[in-house]
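What follows is query.cif (mmCIF, C-alpha atoms and all ligand atoms).
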```
data_structure
loop_
_atom_site.group_PDB
_atom_site.id
_atom_site.type_symbol
_atom_site.label_atom_id
_atom_site.label_comp_id
_atom_site.auth_asym_id
_atom_site.auth_seq_id
_atom_site.Cartn_x
_atom_site.Cartn_y
_atom_site.Cartn_z
ATOM 1 C CA MET Y 1 122.080 109.354 129.460
ATOM 2 C CA ASN Y 2 122.713 106.281 127.357
ATOM 3 C CA GLU Y 3 125.616 106.231 124.990
ATOM 4 C CA GLN Y 4 124.300 107.462 121.672
ATOM 5 C CA LYS Y 5 125.791 106.240 118.432
ATOM 6 C CA THR Y 6 125.977 108.637 115.522
ATOM 7 C CA MET Y 7 125.665 107.638 111.879
ATOM 8 C CA THR Y 8 127.107 109.785 109.109
ATOM 9 C CA GLY Y 9 126.621 109.899 105.376
ATOM 10 C CA GLY Y 10 126.320 112.097 102.348
ATOM 11 C CA CYS Y 11 125.834 112.491 98.626
ATOM 12 C CA VAL Y 12 128.355 111.712 95.898
ATOM 13 C CA CYS Y 13 129.173 115.340 94.995
ATOM 14 C CA GLY Y 14 129.794 116.406 98.580
ATOM 15 C CA ALA Y 15 127.228 119.224 98.679
ATOM 16 C CA VAL Y 16 125.145 117.483 101.336
ATOM 17 C CA SER Y 17 126.214 115.438 104.311
ATOM 18 C CA TRP Y 18 124.270 114.443 107.405
ATOM 19 C CA GLU Y 19 124.498 113.053 110.910
ATOM 20 C CA ILE Y 20 121.882 110.982 112.683
ATOM 21 C CA ASP Y 21 121.968 110.038 116.359
ATOM 22 C CA GLY Y 22 120.742 106.483 116.557
ATOM 23 C CA GLU Y 23 121.280 102.939 115.429
ATOM 24 C CA PRO Y 24 119.474 101.074 112.642
ATOM 25 C CA ALA Y 25 116.740 98.768 113.904
ATOM 26 C CA ARG Y 26 115.600 97.322 110.583
ATOM 27 C CA PHE Y 27 117.188 96.864 107.169
ATOM 28 C CA PHE Y 28 115.206 95.873 104.096
ATOM 29 C CA HIS Y 29 115.631 95.707 100.364
ATOM 30 C CA CYS Y 30 112.426 97.119 98.822
ATOM 31 C CA HIS Y 31 111.539 95.797 95.380
ATOM 32 C CA CYS Y 32 108.460 98.010 94.816
ATOM 33 C CA SER Y 33 108.171 99.719 91.428
ATOM 34 C CA ARG Y 34 108.582 103.180 92.984
ATOM 35 C CA CYS Y 35 111.877 102.245 94.615
ATOM 36 C CA ARG Y 36 113.055 100.597 91.407
ATOM 37 C CA ARG Y 37 112.419 103.749 89.422
ATOM 38 C CA THR Y 38 113.904 106.187 91.903
ATOM 39 C CA THR Y 39 117.059 104.115 92.405
ATOM 40 C CA GLY Y 40 117.407 102.781 88.864
ATOM 41 C CA THR Y 41 118.246 99.370 90.300
ATOM 42 C CA GLY Y 42 116.407 96.193 91.289
ATOM 43 C CA HIS Y 43 115.625 97.440 94.778
ATOM 44 C CA ALA Y 44 116.224 100.203 97.302
ATOM 45 C CA SER Y 45 118.214 99.277 100.420
ATOM 46 C CA ASN Y 46 116.834 101.204 103.371
ATOM 47 C CA LEU Y 47 117.689 101.334 107.060
ATOM 48 C CA ILE Y 48 115.024 102.247 109.600
ATOM 49 C CA VAL Y 49 116.630 104.217 112.433
ATOM 50 C CA PRO Y 50 114.603 105.190 115.547
ATOM 51 C CA ILE Y 51 115.470 108.813 116.408
ATOM 52 C CA THR Y 52 114.822 111.226 119.258
ATOM 53 C CA SER Y 53 116.742 114.158 117.720
ATOM 54 C CA GLU Y 54 116.409 115.601 114.229
ATOM 55 C CA ILE Y 55 118.707 114.793 111.310
ATOM 56 C CA ARG Y 56 121.619 117.288 111.235
ATOM 57 C CA TRP Y 57 122.568 118.570 107.779
ATOM 58 C CA THR Y 58 125.533 120.404 106.325
ATOM 59 C CA GLY Y 59 125.043 122.967 103.622
ATOM 60 C CA SER Y 60 121.869 124.945 103.058
ATOM 61 C CA ALA Y 61 118.327 123.623 102.796
ATOM 62 C CA ASP Y 62 118.435 124.747 99.138
ATOM 63 C CA ASP Y 63 120.931 121.949 98.464
ATOM 64 C CA ARG Y 64 118.233 119.379 99.235
ATOM 65 C CA GLY Y 65 115.216 118.604 97.112
ATOM 66 C CA SER Y 66 112.237 116.358 97.619
ATOM 67 C CA PHE Y 67 109.482 114.905 95.519
ATOM 68 C CA LYS Y 68 106.182 113.679 96.872
ATOM 69 C CA LEU Y 69 104.447 111.318 94.520
ATOM 70 C CA PRO Y 70 100.930 112.731 93.943
ATOM 71 C CA GLY Y 71 98.307 110.352 95.252
ATOM 72 C CA ALA Y 72 100.768 108.251 97.187
ATOM 73 C CA GLU Y 73 100.094 108.096 100.904
ATOM 74 C CA ARG Y 74 103.694 108.019 101.986
ATOM 75 C CA PHE Y 75 106.094 107.982 99.084
ATOM 76 C CA THR Y 76 108.471 110.928 99.040
ATOM 77 C CA THR Y 77 112.007 110.936 97.739
ATOM 78 C CA HIS Y 78 114.714 113.240 99.058
ATOM 79 C CA PHE Y 79 117.862 113.970 97.096
ATOM 80 C CA CYS Y 80 120.810 116.288 96.540
ATOM 81 C CA ARG Y 81 119.800 118.969 94.045
ATOM 82 C CA THR Y 82 123.256 118.965 92.491
ATOM 83 C CA CYS Y 83 124.011 115.277 91.992
ATOM 84 C CA GLY Y 84 120.697 113.503 92.602
ATOM 85 C CA SER Y 85 122.005 111.148 95.295
ATOM 86 C CA PRO Y 86 119.260 109.967 97.667
ATOM 87 C CA LEU Y 87 119.169 111.447 101.171
ATOM 88 C CA PRO Y 88 117.628 110.290 104.470
ATOM 89 C CA ARG Y 89 114.126 111.363 105.427
ATOM 90 C CA GLY Y 90 112.171 111.358 108.662
ATOM 91 C CA ASN Y 91 111.867 113.383 111.846
ATOM 92 C CA VAL Y 92 111.338 113.166 115.576
ATOM 93 C CA THR Y 93 107.556 113.452 115.253
ATOM 94 C CA LEU Y 94 107.567 110.371 113.050
ATOM 95 C CA GLY Y 95 110.011 108.755 115.474
ATOM 96 C CA PHE Y 96 112.326 107.314 112.852
ATOM 97 C CA ALA Y 97 114.476 108.089 109.846
ATOM 98 C CA VAL Y 98 114.633 106.101 106.621
ATOM 99 C CA VAL Y 99 118.243 106.035 105.488
ATOM 100 C CA PRO Y 100 119.411 104.831 102.057
ATOM 101 C CA ALA Y 101 122.068 102.316 103.107
ATOM 102 C CA GLY Y 102 124.408 103.103 100.237
ATOM 103 C CA THR Y 103 124.814 106.704 101.404
ATOM 104 C CA VAL Y 104 126.122 105.785 104.875
ATOM 105 C CA THR Y 105 129.814 106.577 105.398
ATOM 106 C CA SER Y 106 130.111 105.383 109.016
ATOM 107 C CA GLU Y 107 130.486 101.708 109.849
ATOM 108 C CA LEU Y 108 127.351 99.616 109.397
ATOM 109 C CA THR Y 109 127.182 96.358 111.319
ATOM 110 C CA ILE Y 110 123.529 95.484 110.688
ATOM 111 C CA LEU Y 111 122.840 93.156 107.739
ATOM 112 C CA PRO Y 112 119.747 93.122 105.508
ATOM 113 C CA GLN Y 113 116.868 91.295 107.225
ATOM 114 C CA GLY Y 114 114.627 90.676 104.282
ATOM 115 C CA ARG Y 115 113.201 91.740 100.949
ATOM 116 C CA ILE Y 116 109.856 93.517 100.836
ATOM 117 C CA PHE Y 117 107.366 94.029 98.021
ATOM 118 C CA GLY Y 118 108.650 90.839 96.438
ATOM 119 C CA ASN Y 119 105.360 90.879 94.486
ATOM 120 C CA SER Y 120 106.879 93.712 92.423
ATOM 121 C CA ARG Y 121 110.339 92.233 91.999
ATOM 122 C CA ALA Y 122 111.776 92.528 88.487
ATOM 123 C CA PRO Y 123 112.661 89.064 87.163
ATOM 124 C CA TRP Y 124 116.306 90.078 86.743
ATOM 125 C CA SER Y 125 116.733 91.420 90.276
ATOM 126 C CA CYS Y 126 118.302 89.409 93.080
ATOM 127 C CA ASP Y 127 115.803 87.158 94.800
ATOM 128 C CA ASP Y 128 114.901 85.384 98.022
ATOM 129 C CA THR Y 129 117.631 82.757 97.976
ATOM 130 C CA GLU Y 130 119.613 84.268 100.860
ATOM 131 C CA ILE Y 131 117.173 86.262 102.990
ATOM 132 C CA PRO Y 132 113.359 86.103 103.356
ATOM 133 C CA CYS Y 133 111.153 87.834 100.785
ATOM 134 C CA PHE Y 134 107.755 89.268 101.817
ATOM 135 C CA ASP Y 135 105.025 89.980 99.250
ATOM 136 C CA GLU Y 136 104.473 93.481 100.637
ATOM 137 C CA TYR Y 137 105.364 94.881 104.094
ATOM 138 C CA PRO Y 138 107.229 92.619 106.526
ATOM 139 C CA PRO Y 139 105.417 91.154 109.556
ATOM 140 C CA GLN Y 140 105.854 93.274 112.677
HETATM 141 ZN ZN ZN L 1 125.356 115.951 95.837
HETATM 142 ZN ZN ZN L 2 109.831 100.509 97.781
#
```

For the file at hand, write its structure as structure tokens.
Ligand SMILES: [Zn+2]
Ligand SMILES: [Zn+2]
Amino acid sequence: MNEQKTMTGGCVCGAVSWEIDGEPARFFHCHCSRCRRTTGTGHASNLIVPITSEIRWTGSADDRGSFKLPGAERFTTHFCRTCGSPLPRGNVTLGFAVVPAGTVTSELTILPQGRIFGNSRAPWSCDDTEIPCFDEYPPQ
């Protein structure tokens, strides 16, 4: 069996923490209007982590909430019900987890690879001067 790295993270109040076996493959800042609203900032910073085992959580499932945007094909937010911090989402069936980078407490060595949904970028948000910016999804 290959050596498996484990990532850890959690919310700001401490009610929810998690462990994910895997390593981030992709790292993007998403400037879409949904991410701007749910983070309250210019963009979300998300890691894509291929997984073959489910996310392990501390605390009870009642500590975690989620919101699926009606009509959206694949926009769901997951958060701590006590403090509102964002939480990872994803499962083995999907094959990957989406992890809010700011919630990771273990060492992260991957750096952001690009900005996506630059079409929706707020004029005051950081821009494409350091890393590439794609109008919508990045090329494969
Ligand atoms: Zn919390
Ligand atoms: Zn987004």

Around ligand ZN 1 (chain L), at most 9 Å away and counting all atoms listed in the file, which residues are there? Put them as a PyMOL selection string, please. chain Y and resi 10-17+63-64+79-86

Got a sec to resolve the PyMOL selection byres (((not hetatm)) within 7 of (chain L and resi 2)) on this structure and send the residues as a VMD selection string? chain Y and resid 30 to 35 44 117

Residue members of the PyMOL selection byres (((chain Y and resi 134) around 7) and not hetatm) in the file shown, as a PDB file with C-alpha atoms, in the coordinates of the input:
```
ATOM      1  CA  ARG Y 115     113.201  91.740 100.949  1.00  0.00           C
ATOM      2  CA  ILE Y 116     109.856  93.517 100.836  1.00  0.00           C
ATOM      3  CA  PHE Y 117     107.366  94.029  98.021  1.00  0.00           C
ATOM      4  CA  GLY Y 118     108.650  90.839  96.438  1.00  0.00           C
ATOM      5  CA  PRO Y 132     113.359  86.103 103.356  1.00  0.00           C
ATOM      6  CA  CYS Y 133     111.153  87.834 100.785  1.00  0.00           C
ATOM      7  CA  ASP Y 135     105.025  89.980  99.250  1.00  0.00           C
ATOM      8  CA  GLU Y 136     104.473  93.481 100.637  1.00  0.00           C
ATOM      9  CA  TYR Y 137     105.364  94.881 104.094  1.00  0.00           C
ATOM     10  CA  PRO Y 138     107.229  92.619 106.526  1.00  0.00           C
TER      11      PRO Y 138
END
```

Rounded to one decimal in Å, what is the spacing between atom CA of Ser45 of chain Y and atom CA of Ala61 of chain Y?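 Separation of atom CA of Ser45 of chain Y and atom CA of Ala61 of chain Y: 24.5 Å.
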
To one decimal place in Å, what is the distance between atom CA of Pro123 of chain Y and atom CA of Gln140 of chain Y?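 Result for atom CA of Pro123 of chain Y versus atom CA of Gln140 of chain Y: 26.7 Å, one decimal.
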
Between atom CA of Ala97 of chain Y and atom CA of Gly9 of chain Y, what is the distance, to one decimal in Å? 13.1 Å

Which residues are close to Thr76 of chain Y, i.e. within 7 Å by only C-alpha atoms, leaving aside same-chain residues fewer than 6 positions away? Reply as a PDB file with C-alpha atoms, in the frame of the given file.
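Result went into selection_13.pdb, see below:
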```pdb
ATOM      1  CA  SER Y  66     112.237 116.358  97.619  1.00  0.00           C
ATOM      2  CA  PHE Y  67     109.482 114.905  95.519  1.00  0.00           C
ATOM      3  CA  LYS Y  68     106.182 113.679  96.872  1.00  0.00           C
ATOM      4  CA  LEU Y  69     104.447 111.318  94.520  1.00  0.00           C
TER       5      LEU Y  69
END
```

Which is closest to Pro139 of chain Y among Y:Arg37, Y:Glu54, Y:Gly114, Y:Thr6, if we use all atoms listed in the file?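 Closest to Pro139 of chain Y, using all atoms listed in the file: Y:Gly114.
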
Residue with smallest distance to Phe28 of chain Y - pool Y:Thr41, Y:Thr52, Y:Thr109, Y:Asn46, counting only C-alpha atoms: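 Between Y:Thr41, Y:Thr52, Y:Thr109, Y:Asn46, the residue approaching Phe28 of chain Y most closely is Y:Asn46.
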
May I ask which of the residues Y:His43, Y:Ile51, Y:Val98, Y:His78 is the closest one to Ala122 of chain Y, counting all atoms listed in the file?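 Of Y:His43, Y:Ile51, Y:Val98, Y:His78, the one nearest Ala122 of chain Y is Y:His43, counting all atoms listed in the file.
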
Selection: 8 Å around Gly22 of chain Y, all atoms listed in the file, excl. self and same-chain fewer than 4 positions, as number ranges by chain: Y: 4-7, 49-51
